[in-house]
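Visitor: Before anything else, here's the structure in question.
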Number of protein chains: 2
Amino acid sequence: MKERPDVKASTKEKILDAAEKLFGMNGFEATSLRDITAAAEVNLAAVNYHFQSKEALMESVISRRIHPVNRRRLELLDSAGENPTVEQVIRAFLAPVFLEANLGGVPSLIGRVLADPGQFLKKLFPEEFAPLTRRFAEAFGRALPELTPREVAWRMHFMIGSMTHVLLWKRHIKEMSGGLVDASDREGLMAEAVAFCAAGFRAPVVVGIERS
Amino acid sequence: MKERPDVKASTKEKILDAAEKLFGMNGFEATSLRDITAAAEVNLAAVNYHFQSKEALMESVISRRIHPVNRRRLELLDSAGENPTVEQVIRAFLAPVFLEANLGGVPSLIGRVLADPGQFLKKLFPEEFAPLTRRFAEAFGRALPELTPREVAWRMHFMIGSMTHVLLWKRHIKEMSGGLVDASDREGLMAEAVAFCAAGFRAPVVVGIERS
DNA sequence: GTCTATAGGTTGATAGAC
DNA sequence: GTCTATCAACCTATAGAC
């Protein structure tokens with residue numbers, strides 16, 4: 001059932017895999033090193049041998065996965081040509097997390113990290129997300145010249161929020177909606193998310209305060 | 001600086017206020033009862049006298065705030081008449097969290113709770129959110145008859161995600177966007193969120209898998 | 001109702017044998 | 001590199017004096 005690419009994974013990899021799964025499921029604070037080493041079937045002290053601390057382990061877990069995702073996003077953005085449509089930009093951003101298969105337990109972990117503006121993102125944001133955000137903001141601005149940079153920024157936040165929420169609730173959405181919505185239907189989810197966000201980005205410029 | 005409505009708050013209220021602030025800032029697991037009692041300037045044992053446990057305290061903190069918010073949402077929805085527009089339904093859902101002033105440290109707490117499908121929501125969802133969701137889904141379906149219930153459910157998820165993300169990142173959005181975006185401009189945020197979500201809800205029905 | 005004192009358990013991290 | 005054994009610090013929760 002579980003994807004286990006190597007028959008014999010190294011201790012370090014076993015720890016990373018177990019930590020990824022448990023951090024994603026229960027969060028950082030609620031997961032003890034003993035939980036991790038038990039799941040990885042390695043010794044407790046191995047964590048402090050291969051990594052320095054629990055925090056350093058968390059950083060390793062994240063950066064192992066975040067970087068390929070963001071690189072893939074830029075790849076897809078580049079492959080859409082010089083003047084991509086809004087849909088193409090959104091697809092480039094969402095596809096690596098919604099469609100790509102080899103992500104393991106990362107989706108819920110990414111969602112959890114993005115949902116928790118704690119210490120980790122303070123470190124991770126400048127080096128990993130800031131350049132990505134700039135690049136995509138530029139692409140959105142080019143596709144929708146009538147939007148101000150401020151509005152592009154707002155709408156990117158809304159798009160990221162939509163994505164994050166789905167990642168976090170993936171396993172619960174189906175029962176919550178009474179079977180109506182199934183997040184494991186990746187293509188369906190992707191199509192719905194792109195439709196919603198593209199229409200949102202194309203919404204008329206907000207000029208003042210609306211009143212109901 | 002801080003809003004302190006009562007000159008002399010009861011010990012129980014002081015605990016609730018401090019817990020609300022700290023749980024919202026740092027999360028449940030990362031906040032100890034000692035942190036809370038220190039901030040509230042009460043004795044450690046008072047927590048276990050007024051509440052039974054840390055978890056029961058968390059539940060009290062949440063239910064004290066969630067219920068008025070959801071009741072206000074339904075009030076606003078009712079006051080929009082029998083056939084509200086999409087914008088009016090969205091406003092009814094978002095205004096209590098984005099616009100209303102007397103929420104204290106709750107926004108980040110609500111965001112955190114919604115972002116963490118943990119034990120609390122398993123208990124809170126059936127009695128507090130399920131009826132609300134049904135009511136709003138019905139209103140959206142009435143305003144947009146061409147959407148299937150499945151699509152209404154998806155788009156509500158995207159809307160809730162947009163809202164949650166803003167709540168969680170409220171304090172960080174400004175510096176992250178280089179001063180471009182200011183979440184403390186409530187009316188501006190509200191207008192942008194309503195515009196984005198309304199357009200998203202009005203997006204054409206997704207019939208199949210789009211291809212770039 | 002509020003305090004002190006402490007029980008009873010878990011945590012992250014490390015020392016040192018192999 | 002991997003193990004056992006353990007430390008010091010922290011936690012929640014409670015008992016019992018006032």
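Naming works like this for the structure tokens: A, B, ... for the chains as they're shown, residue 1 at the start of each chain, ligands 1 onward in shown order.
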Identify every residue of chain B that has at least one atom within 12 Å of any atom of chain D, counting only C-alpha atoms (C1' of nucleotides), and report the result as number ranges by chain.
Guide: B: 29-35, 44-49, 51-55
Visitor: Keeping N, CA, C and O atoms for every residue in the selection just given, could you write it to a file as a PDB file, in the first residue's frame?
Guide:
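Written file, again-v1.pdb:
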ATOM      1  N   GLU B  29      -0.904  23.281  21.390  1.00  0.00           N
ATOM      2  CA  GLU B  29       0.154  22.444  21.960  1.00  0.00           C
ATOM      3  C   GLU B  29       1.318  23.281  22.480  1.00  0.00           C
ATOM      4  O   GLU B  29       1.932  22.939  23.486  1.00  0.00           O
ATOM      5  N   ALA B  30       1.594  24.382  21.778  1.00  0.00           N
ATOM      6  CA  ALA B  30       2.760  25.184  22.133  1.00  0.00           C
ATOM      7  C   ALA B  30       2.486  26.121  23.307  1.00  0.00           C
ATOM      8  O   ALA B  30       3.385  26.789  23.791  1.00  0.00           O
ATOM      9  N   THR B  31       1.244  26.159  23.749  1.00  0.00           N
ATOM     10  CA  THR B  31       0.894  27.041  24.863  1.00  0.00           C
ATOM     11  C   THR B  31       0.691  26.215  26.127  1.00  0.00           C
ATOM     12  O   THR B  31      -0.148  25.316  26.157  1.00  0.00           O
ATOM     13  N   SER B  32       1.432  26.518  27.156  1.00  0.00           N
ATOM     14  CA  SER B  32       1.273  25.787  28.412  1.00  0.00           C
ATOM     15  C   SER B  32       0.330  26.548  29.332  1.00  0.00           C
ATOM     16  O   SER B  32       0.124  27.754  29.188  1.00  0.00           O
ATOM     17  N   LEU B  33      -0.219  25.805  30.276  1.00  0.00           N
ATOM     18  CA  LEU B  33      -1.090  26.448  31.261  1.00  0.00           C
ATOM     19  C   LEU B  33      -0.314  27.477  32.069  1.00  0.00           C
ATOM     20  O   LEU B  33      -0.877  28.486  32.506  1.00  0.00           O
ATOM     21  N   ARG B  34       0.967  27.255  32.237  1.00  0.00           N
ATOM     22  CA  ARG B  34       1.792  28.239  32.949  1.00  0.00           C
ATOM     23  C   ARG B  34       1.899  29.544  32.167  1.00  0.00           C
ATOM     24  O   ARG B  34       1.887  30.627  32.752  1.00  0.00           O
ATOM     25  N   ASP B  35       2.021  29.437  30.856  1.00  0.00           N
ATOM     26  CA  ASP B  35       2.012  30.649  30.024  1.00  0.00           C
ATOM     27  C   ASP B  35       0.720  31.429  30.252  1.00  0.00           C
ATOM     28  O   ASP B  35       0.728  32.654  30.405  1.00  0.00           O
ATOM     29  N   LEU B  44      -1.789  29.112  38.958  1.00  0.00           N
ATOM     30  CA  LEU B  44      -1.844  27.973  38.045  1.00  0.00           C
ATOM     31  C   LEU B  44      -3.049  27.078  38.324  1.00  0.00           C
ATOM     32  O   LEU B  44      -3.739  26.628  37.412  1.00  0.00           O
ATOM     33  N   ALA B  45      -3.315  26.847  39.577  1.00  0.00           N
ATOM     34  CA  ALA B  45      -4.381  25.910  39.935  1.00  0.00           C
ATOM     35  C   ALA B  45      -5.770  26.435  39.589  1.00  0.00           C
ATOM     36  O   ALA B  45      -6.734  25.669  39.534  1.00  0.00           O
ATOM     37  N   ALA B  46      -5.873  27.741  39.352  1.00  0.00           N
ATOM     38  CA  ALA B  46      -7.185  28.321  39.039  1.00  0.00           C
ATOM     39  C   ALA B  46      -7.763  27.750  37.753  1.00  0.00           C
ATOM     40  O   ALA B  46      -8.981  27.658  37.601  1.00  0.00           O
ATOM     41  N   VAL B  47      -6.877  27.381  36.840  1.00  0.00           N
ATOM     42  CA  VAL B  47      -7.354  26.812  35.571  1.00  0.00           C
ATOM     43  C   VAL B  47      -8.115  25.522  35.828  1.00  0.00           C
ATOM     44  O   VAL B  47      -9.195  25.297  35.287  1.00  0.00           O
ATOM     45  N   ASN B  48      -7.546  24.690  36.687  1.00  0.00           N
ATOM     46  CA  ASN B  48      -8.190  23.413  36.941  1.00  0.00           C
ATOM     47  C   ASN B  48      -9.375  23.535  37.898  1.00  0.00           C
ATOM     48  O   ASN B  48     -10.177  22.622  38.001  1.00  0.00           O
ATOM     49  N   TYR B  49      -9.476  24.679  38.536  1.00  0.00           N
ATOM     50  CA  TYR B  49     -10.667  24.888  39.357  1.00  0.00           C
ATOM     51  C   TYR B  49     -11.843  25.324  38.485  1.00  0.00           C
ATOM     52  O   TYR B  49     -12.936  24.761  38.568  1.00  0.00           O
ATOM     53  N   PHE B  51     -12.003  25.374  35.046  1.00  0.00           N
ATOM     54  CA  PHE B  51     -12.220  24.445  33.939  1.00  0.00           C
ATOM     55  C   PHE B  51     -11.652  23.114  34.414  1.00  0.00           C
ATOM     56  O   PHE B  51     -10.922  23.060  35.378  1.00  0.00           O
ATOM     57  N   GLN B  52     -11.973  22.054  33.749  1.00  0.00           N
ATOM     58  CA  GLN B  52     -11.467  20.780  34.234  1.00  0.00           C
ATOM     59  C   GLN B  52     -10.062  20.495  33.749  1.00  0.00           C
ATOM     60  O   GLN B  52      -9.222  19.968  34.462  1.00  0.00           O
ATOM     61  N   SER B  53      -9.837  20.839  32.488  1.00  0.00           N
ATOM     62  CA  SER B  53      -8.570  20.465  31.869  1.00  0.00           C
ATOM     63  C   SER B  53      -8.192  21.503  30.827  1.00  0.00           C
ATOM     64  O   SER B  53      -8.942  22.440  30.542  1.00  0.00           O
ATOM     65  N   LYS B  54      -7.029  21.333  30.273  1.00  0.00           N
ATOM     66  CA  LYS B  54      -6.568  22.239  29.239  1.00  0.00           C
ATOM     67  C   LYS B  54      -7.477  22.157  28.005  1.00  0.00           C
ATOM     68  O   LYS B  54      -7.792  23.174  27.380  1.00  0.00           O
ATOM     69  N   GLU B  55      -7.871  20.957  27.667  1.00  0.00           N
ATOM     70  CA  GLU B  55      -8.753  20.793  26.518  1.00  0.00           C
ATOM     71  C   GLU B  55     -10.108  21.447  26.737  1.00  0.00           C
ATOM     72  O   GLU B  55     -10.652  22.100  25.838  1.00  0.00           O
TER      73      GLU B  55
END
Visitor: For A:Val194, please output as a ChimeraX atom specification all residues within 10 Å (counting only C-alpha atoms (C1' of nucleotides); exclusion window: fewer than 3 positions along the same chain).
Guide: /A:86-91,93-95,159,188-191,197-200 /B:200,203,206,210
Visitor: Can you list every residue of chain C that has an atom at most 12 Å from chain A, with its nearest atom pair and the distance in Å to one decimal, using only C-alpha atoms (C1' of nucleotides), ordered by chain then number, as JSON lines?
Guide:
{"residue": "C:DT10", "atom": "C1'", "partner": "A:Ser32", "partner_atom": "CA", "distance": 9.3}
{"residue": "C:DT11", "atom": "C1'", "partner": "A:Ser32", "partner_atom": "CA", "distance": 7.5}
{"residue": "C:DG12", "atom": "C1'", "partner": "A:Lys54", "partner_atom": "CA", "distance": 7.7}
{"residue": "C:DA13", "atom": "C1'", "partner": "A:Asn48", "partner_atom": "CA", "distance": 7.5}
{"residue": "C:DT14", "atom": "C1'", "partner": "A:Ala45", "partner_atom": "CA", "distance": 8.7}
{"residue": "C:DA15", "atom": "C1'", "partner": "A:Ala45", "partner_atom": "CA", "distance": 11.1}
Visitor: Hey, can you spit out that residue selection with all heavy atoms as a tab-separated table (two decimals), in the first residue's frame?
Guide:
chain	number	residue	atom	x	y	z
C	10	DT	P	3.67	8.90	30.05
C	10	DT	OP1	2.52	8.44	29.27
C	10	DT	OP2	4.71	7.95	30.52
C	10	DT	O5'	4.40	10.03	29.22
C	10	DT	C5'	3.66	11.20	28.86
C	10	DT	C4'	4.61	12.28	28.42
C	10	DT	O4'	5.39	12.71	29.56
C	10	DT	C3'	5.64	11.81	27.38
C	10	DT	O3'	5.38	12.47	26.16
C	10	DT	C2'	6.99	12.21	27.96
C	10	DT	C1'	6.64	13.14	29.09
C	10	DT	N1	7.61	13.08	30.23
C	10	DT	C2	8.40	14.18	30.50
C	10	DT	O2	8.36	15.20	29.86
C	10	DT	N3	9.27	14.01	31.56
C	10	DT	C4	9.39	12.87	32.35
C	10	DT	O4	10.20	12.83	33.27
C	10	DT	C5	8.53	11.77	32.01
C	10	DT	C7	8.60	10.50	32.79
C	10	DT	C6	7.69	11.93	30.97
C	11	DT	P	6.24	12.12	24.86
C	11	DT	OP1	5.31	12.21	23.74
C	11	DT	OP2	7.01	10.89	25.12
C	11	DT	O5'	7.29	13.32	24.77
C	11	DT	C5'	6.82	14.67	24.91
C	11	DT	C4'	7.98	15.58	25.23
C	11	DT	O4'	8.47	15.27	26.56
C	11	DT	C3'	9.21	15.36	24.34
C	11	DT	O3'	9.12	16.18	23.21
C	11	DT	C2'	10.37	15.80	25.26
C	11	DT	C1'	9.80	15.71	26.67
C	11	DT	N1	10.51	14.74	27.57
C	11	DT	C2	11.58	15.17	28.31
C	11	DT	O2	12.01	16.30	28.24
C	11	DT	N3	12.14	14.22	29.12
C	11	DT	C4	11.73	12.90	29.26
C	11	DT	O4	12.31	12.13	30.01
C	11	DT	C5	10.61	12.51	28.46
C	11	DT	C7	10.08	11.12	28.54
C	11	DT	C6	10.05	13.44	27.67
C	12	DG	P	10.03	15.80	21.96
C	12	DG	OP1	9.44	16.49	20.80
C	12	DG	OP2	10.24	14.35	21.95
C	12	DG	O5'	11.42	16.50	22.32
C	12	DG	C5'	11.45	17.91	22.49
C	12	DG	C4'	12.84	18.34	22.93
C	12	DG	O4'	13.20	17.65	24.15
C	12	DG	C3'	13.95	18.03	21.93
C	12	DG	O3'	14.87	19.11	21.87
C	12	DG	C2'	14.59	16.77	22.48
C	12	DG	C1'	14.40	16.93	23.98
C	12	DG	N9	14.24	15.66	24.68
C	12	DG	C8	13.40	14.63	24.34
C	12	DG	N7	13.45	13.62	25.17
C	12	DG	C5	14.38	14.00	26.12
C	12	DG	C6	14.86	13.31	27.26
C	12	DG	O6	14.53	12.19	27.67
C	12	DG	N1	15.80	14.06	27.96
C	12	DG	C2	16.22	15.31	27.61
C	12	DG	N2	17.14	15.88	28.40
C	12	DG	N3	15.79	15.98	26.53
C	12	DG	C4	14.87	15.26	25.84
C	13	DA	P	16.12	19.00	20.88
C	13	DA	OP1	16.53	20.38	20.53
C	13	DA	OP2	15.80	18.04	19.82
C	13	DA	O5'	17.25	18.38	21.80
C	13	DA	C5'	17.65	19.11	22.97
C	13	DA	C4'	18.65	18.27	23.76
C	13	DA	O4'	18.00	17.08	24.25
C	13	DA	C3'	19.88	17.80	22.96
C	13	DA	O3'	21.04	18.37	23.53
C	13	DA	C2'	19.84	16.29	23.08
C	13	DA	C1'	18.96	16.04	24.28
C	13	DA	N9	18.25	14.78	24.27
C	13	DA	C8	17.39	14.31	23.30
C	13	DA	N7	16.89	13.12	23.56
C	13	DA	C5	17.47	12.77	24.78
C	13	DA	C6	17.35	11.63	25.59
C	13	DA	N6	16.58	10.58	25.28
C	13	DA	N1	18.05	11.61	26.74
C	13	DA	C2	18.82	12.66	27.05
C	13	DA	N3	19.02	13.79	26.36
C	13	DA	C4	18.30	13.78	25.23
C	14	DT	P	22.45	18.13	22.75
C	14	DT	OP1	23.22	19.38	22.91
C	14	DT	OP2	22.22	17.56	21.43
C	14	DT	O5'	23.12	17.02	23.68
C	14	DT	C5'	23.03	17.17	25.10
C	14	DT	C4'	23.58	15.96	25.80
C	14	DT	O4'	22.62	14.87	25.77
C	14	DT	C3'	24.88	15.39	25.21
C	14	DT	O3'	25.79	15.17	26.28
C	14	DT	C2'	24.43	14.06	24.60
C	14	DT	C1'	23.32	13.68	25.56
C	14	DT	N1	22.35	12.67	25.04
C	14	DT	C2	22.04	11.59	25.82
C	14	DT	O2	22.51	11.39	26.93
C	14	DT	N3	21.13	10.72	25.26
C	14	DT	C4	20.53	10.83	24.01
C	14	DT	O4	19.73	10.00	23.61
C	14	DT	C5	20.91	12.00	23.25
C	14	DT	C7	20.32	12.22	21.90
C	14	DT	C6	21.79	12.85	23.79
C	15	DA	P	27.34	15.27	25.98
C	15	DA	OP1	27.77	16.65	26.29
C	15	DA	OP2	27.64	14.69	24.67
C	15	DA	O5'	27.93	14.29	27.09
C	15	DA	C5'	27.17	14.01	28.27
C	15	DA	C4'	27.40	12.56	28.71
C	15	DA	O4'	26.39	11.70	28.09
C	15	DA	C3'	28.76	11.98	28.30
C	15	DA	O3'	29.26	11.21	29.39
C	15	DA	C2'	28.43	11.11	27.09
C	15	DA	C1'	27.03	10.62	27.45
C	15	DA	N9	26.19	10.26	26.31
C	15	DA	C8	26.04	10.95	25.13
C	15	DA	N7	25.19	10.38	24.29
C	15	DA	C5	24.77	9.24	24.96
C	15	DA	C6	23.87	8.23	24.60
C	15	DA	N6	23.22	8.19	23.44
C	15	DA	N1	23.66	7.23	25.50
C	15	DA	C2	24.32	7.27	26.67
C	15	DA	N3	25.19	8.18	27.11
C	15	DA	C4	25.37	9.15	26.20
Visitor: Please list as a list in words every residue within 10 Å of A:His172, counting only C-alpha atoms (C1' of nucleotides) and excluding residues in the same chain fewer than 3 positions away.
Guide: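 Answer for this query is Val166, Leu168, Trp169, Glu175, Met176, Ser177, Val181, Asp182 and Ala183 of chain A; Pro117 and Lys122 of chain B.
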Visitor: Run DSSP on the backbone and give me the residues of chain B it puts in alpha helix (DSSP H), as a count of residues only.
Guide: 141
Visitor: Return the single residue from A:Ala19, A:Val106, A:Val97, A:Ala92 that is closest to chain B, with distances computed using only C-alpha atoms.
Guide: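 Selected residue with least distance to chain B: A:Ala92.
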Visitor: Which residue, A:Asn83, A:Asn26, A:Thr11, A:Ser60, has the smallest gap to chain B when you use only C-alpha atoms?
Guide: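 The answer is A:Asn26, which sits nearest to chain B.
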Visitor: Mind checking which residues fall within 10 Å of B:Gly27, counting only C-alpha atoms (C1' of nucleotides), ignoring those fewer than 4 positions away in the same chain, and posting them as a ChimeraX atom specification?
Guide: /A:29,116,118 /B:19-23,31-32,108-109,112-113,116
Visitor: Can you work out the spacing between atom CA of A:Phe129 and atom CA of B:Gly105 in Å, to one decimal?
Guide: 27.4 Å
